[in-house]
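Coordinates from protein.pdb are shown below (PDB, C-alpha atoms).
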```pdb
ATOM      1  CA  MET I   1      14.937  -9.699  -6.157  1.00  0.00           C
ATOM      2  CA  GLU I   2      14.098 -10.755  -2.616  1.00  0.00           C
ATOM      3  CA  ASN I   3      10.384 -11.078  -1.928  1.00  0.00           C
ATOM      4  CA  LYS I   4       9.919  -8.522   0.880  1.00  0.00           C
ATOM      5  CA  THR I   5       6.915  -8.660   3.155  1.00  0.00           C
ATOM      6  CA  LYS I   6       7.844  -5.851   5.600  1.00  0.00           C
ATOM      7  CA  VAL I   7       9.626  -2.502   5.485  1.00  0.00           C
ATOM      8  CA  THR I   8      10.339   0.069   8.176  1.00  0.00           C
ATOM      9  CA  LEU I   9       9.324   3.613   7.287  1.00  0.00           C
ATOM     10  CA  SER I  10      11.265   6.754   8.183  1.00  0.00           C
ATOM     11  CA  ASP I  11       8.944   7.456  11.122  1.00  0.00           C
ATOM     12  CA  GLY I  12       9.533   3.978  12.573  1.00  0.00           C
ATOM     13  CA  ARG I  13       6.202   2.482  11.522  1.00  0.00           C
ATOM     14  CA  VAL I  14       6.348  -0.983   9.993  1.00  0.00           C
ATOM     15  CA  ALA I  15       4.481  -1.560   6.728  1.00  0.00           C
ATOM     16  CA  THR I  16       3.527  -5.203   6.204  1.00  0.00           C
ATOM     17  CA  LYS I  17       2.177  -6.651   2.978  1.00  0.00           C
ATOM     18  CA  ARG I  18      -1.089  -8.491   3.521  1.00  0.00           C
ATOM     19  CA  LYS I  19      -3.348 -10.734   1.509  1.00  0.00           C
ATOM     20  CA  VAL I  20      -6.533  -8.913   0.573  1.00  0.00           C
ATOM     21  CA  LYS I  21     -10.105  -9.859  -0.176  1.00  0.00           C
ATOM     22  CA  VAL I  22     -12.144  -8.455  -3.052  1.00  0.00           C
ATOM     23  CA  ARG I  23     -14.040  -6.456  -0.402  1.00  0.00           C
ATOM     24  CA  ASP I  24     -10.786  -4.647   0.470  1.00  0.00           C
ATOM     25  CA  LEU I  25     -10.222  -3.729  -3.172  1.00  0.00           C
ATOM     26  CA  ALA I  26     -13.799  -2.475  -3.550  1.00  0.00           C
ATOM     27  CA  ASN I  27     -13.443  -0.376  -0.391  1.00  0.00           C
ATOM     28  CA  ALA I  28     -10.236   1.139  -1.770  1.00  0.00           C
ATOM     29  CA  GLU I  29     -12.119   2.311  -4.852  1.00  0.00           C
ATOM     30  CA  VAL I  30     -14.774   3.874  -2.600  1.00  0.00           C
ATOM     31  CA  GLN I  31     -12.045   5.684  -0.634  1.00  0.00           C
ATOM     32  CA  ALA I  32     -10.766   7.184  -3.889  1.00  0.00           C
ATOM     33  CA  LYS I  33     -14.223   8.767  -4.381  1.00  0.00           C
ATOM     34  CA  GLY I  34     -14.180   8.400  -8.152  1.00  0.00           C
ATOM     35  CA  LYS I  35     -10.818  10.137  -8.533  1.00  0.00           C
ATOM     36  CA  GLU I  36      -8.927   7.789 -10.835  1.00  0.00           C
ATOM     37  CA  HIS I  37      -5.557   9.306  -9.968  1.00  0.00           C
ATOM     38  CA  LEU I  38      -6.049   8.218  -6.329  1.00  0.00           C
ATOM     39  CA  VAL I  39      -7.142   4.616  -6.963  1.00  0.00           C
ATOM     40  CA  LYS I  40      -3.591   3.209  -7.108  1.00  0.00           C
ATOM     41  CA  TYR I  41      -2.770   4.783  -3.745  1.00  0.00           C
ATOM     42  CA  ALA I  42      -6.004   3.537  -2.190  1.00  0.00           C
ATOM     43  CA  LEU I  43      -5.249   0.037  -3.482  1.00  0.00           C
ATOM     44  CA  MET I  44      -1.753   0.248  -2.035  1.00  0.00           C
ATOM     45  CA  GLY I  45      -3.263   1.194   1.318  1.00  0.00           C
ATOM     46  CA  ALA I  46      -5.633  -1.762   1.105  1.00  0.00           C
ATOM     47  CA  LYS I  47      -2.699  -4.114   0.637  1.00  0.00           C
ATOM     48  CA  ILE I  48      -0.654  -3.117   3.680  1.00  0.00           C
ATOM     49  CA  LEU I  49      -0.849  -2.927   7.432  1.00  0.00           C
ATOM     50  CA  LEU I  50       0.875  -0.101   9.284  1.00  0.00           C
ATOM     51  CA  ASN I  51       1.973  -1.277  12.721  1.00  0.00           C
ATOM     52  CA  ASP I  52      -0.468  -4.188  12.347  1.00  0.00           C
ATOM     53  CA  LYS I  53      -3.448  -1.917  11.591  1.00  0.00           C
ATOM     54  CA  PRO I  54      -5.109  -1.601   8.166  1.00  0.00           C
ATOM     55  CA  ALA I  55      -3.848   1.376   6.173  1.00  0.00           C
ATOM     56  CA  VAL I  56      -6.176   3.740   4.354  1.00  0.00           C
ATOM     57  CA  LEU I  57      -5.743   6.156   1.486  1.00  0.00           C
ATOM     58  CA  GLU I  58      -4.864   9.045   3.791  1.00  0.00           C
ATOM     59  CA  ASP I  59      -1.993   7.016   5.278  1.00  0.00           C
ATOM     60  CA  ILE I  60      -0.468   6.624   1.838  1.00  0.00           C
ATOM     61  CA  LEU I  61      -1.062  10.241   0.830  1.00  0.00           C
ATOM     62  CA  ASP I  62       0.644  11.453   4.016  1.00  0.00           C
ATOM     63  CA  MET I  63       3.817   9.407   3.386  1.00  0.00           C
ATOM     64  CA  ASP I  64       7.111  10.938   2.350  1.00  0.00           C
ATOM     65  CA  GLU I  65       8.160   9.990  -1.170  1.00  0.00           C
ATOM     66  CA  ASP I  66      10.997   7.787   0.124  1.00  0.00           C
ATOM     67  CA  ASP I  67       8.514   5.816   2.234  1.00  0.00           C
ATOM     68  CA  LEU I  68       6.188   5.427  -0.739  1.00  0.00           C
ATOM     69  CA  VAL I  69       9.087   3.927  -2.693  1.00  0.00           C
ATOM     70  CA  LEU I  70       9.782   1.488   0.161  1.00  0.00           C
ATOM     71  CA  VAL I  71       6.141   0.421   0.307  1.00  0.00           C
ATOM     72  CA  SER I  72       6.054   0.064  -3.491  1.00  0.00           C
ATOM     73  CA  GLU I  73       8.935  -2.407  -3.255  1.00  0.00           C
ATOM     74  CA  LEU I  74       6.630  -4.752  -1.331  1.00  0.00           C
ATOM     75  CA  PHE I  75       4.668  -5.215  -4.542  1.00  0.00           C
ATOM     76  CA  ALA I  76       7.559  -5.482  -7.016  1.00  0.00           C
ATOM     77  CA  ASP I  77       7.069  -9.249  -7.370  1.00  0.00           C
ATOM     78  CA  ASP I  78       3.337  -8.785  -8.016  1.00  0.00           C
ATOM     79  CA  ILE I  79       3.991  -7.158 -11.385  1.00  0.00           C
ATOM     80  CA  PRO I  80       5.072  -9.589 -14.125  1.00  0.00           C
ATOM     81  CA  ASN I  81       8.039  -8.628 -16.267  1.00  0.00           C
ATOM     82  CA  ALA I  82       6.963  -7.325 -19.658  1.00  0.00           C
TER      83      ALA I  82
END
```
File written out as structure tokens:
Amino acid sequence: MENKTKVTLSDGRVATKRKVKVRDLANAEVQAKGKEHLVKYALMGAKILLNDKPAVLEDILDMDEDDLVLVSELFADDIPNA
């Protein structure tokens, strides 16, 4: 599989994978406000830029499902094969 770093969403925004710091990951957990089911989406937001601006949890939650799938593909190579 090709290692993607950018995808274009249905609304024309460009999602770009970015390298994160531990601070970004900690902030994502804070954004999730203790709701475990939201942590993965907050982490996804921490790991992308939307039109060159940091994404936040709300950006991910407001995406259409097809766009979420596209953004998820940015991280396909991050998950080792079992």
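Atom to atom, atom CA of Asp11 of chain I and atom CA of Leu43 of chain I stand 21.7 Å apart.
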For this session: Would you translate the PyMOL selection byres ((chain I and resi 52) around 12) into the concrete set of residues it matches in this file, as a list in words?
Result: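 Answer for the PyMOL selection byres ((chain I and resi 52) around 12): Lys6, Arg13, Val14, Ala15, Thr16, Lys17, Arg18, Lys47, Ile48, Leu49, Leu50, Asn51, Lys53, Pro54 and Ala55 of chain I.
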Exercise. For this file, the PyMOL selection byres ((chain I and resi 56-62) around 7) selects which residues, as a list of chain:residue names?
Worked result: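 Matching residues under the PyMOL selection byres ((chain I and resi 56-62) around 7) are I:Gln31, I:Tyr41, I:Ala42, I:Gly45, I:Ala46, I:Pro54, I:Ala55, I:Met63, I:Asp64.
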Problem set entry | atom CA of Met44 of chain I to atom CA of Phe75 of chain I, straight-line distance in Å |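 So the answer is 8.8 Å.
For the pair atom CA of Leu68 of chain I and atom CA of Ala28 of chain I, the interatomic distance is 17.0 Å.
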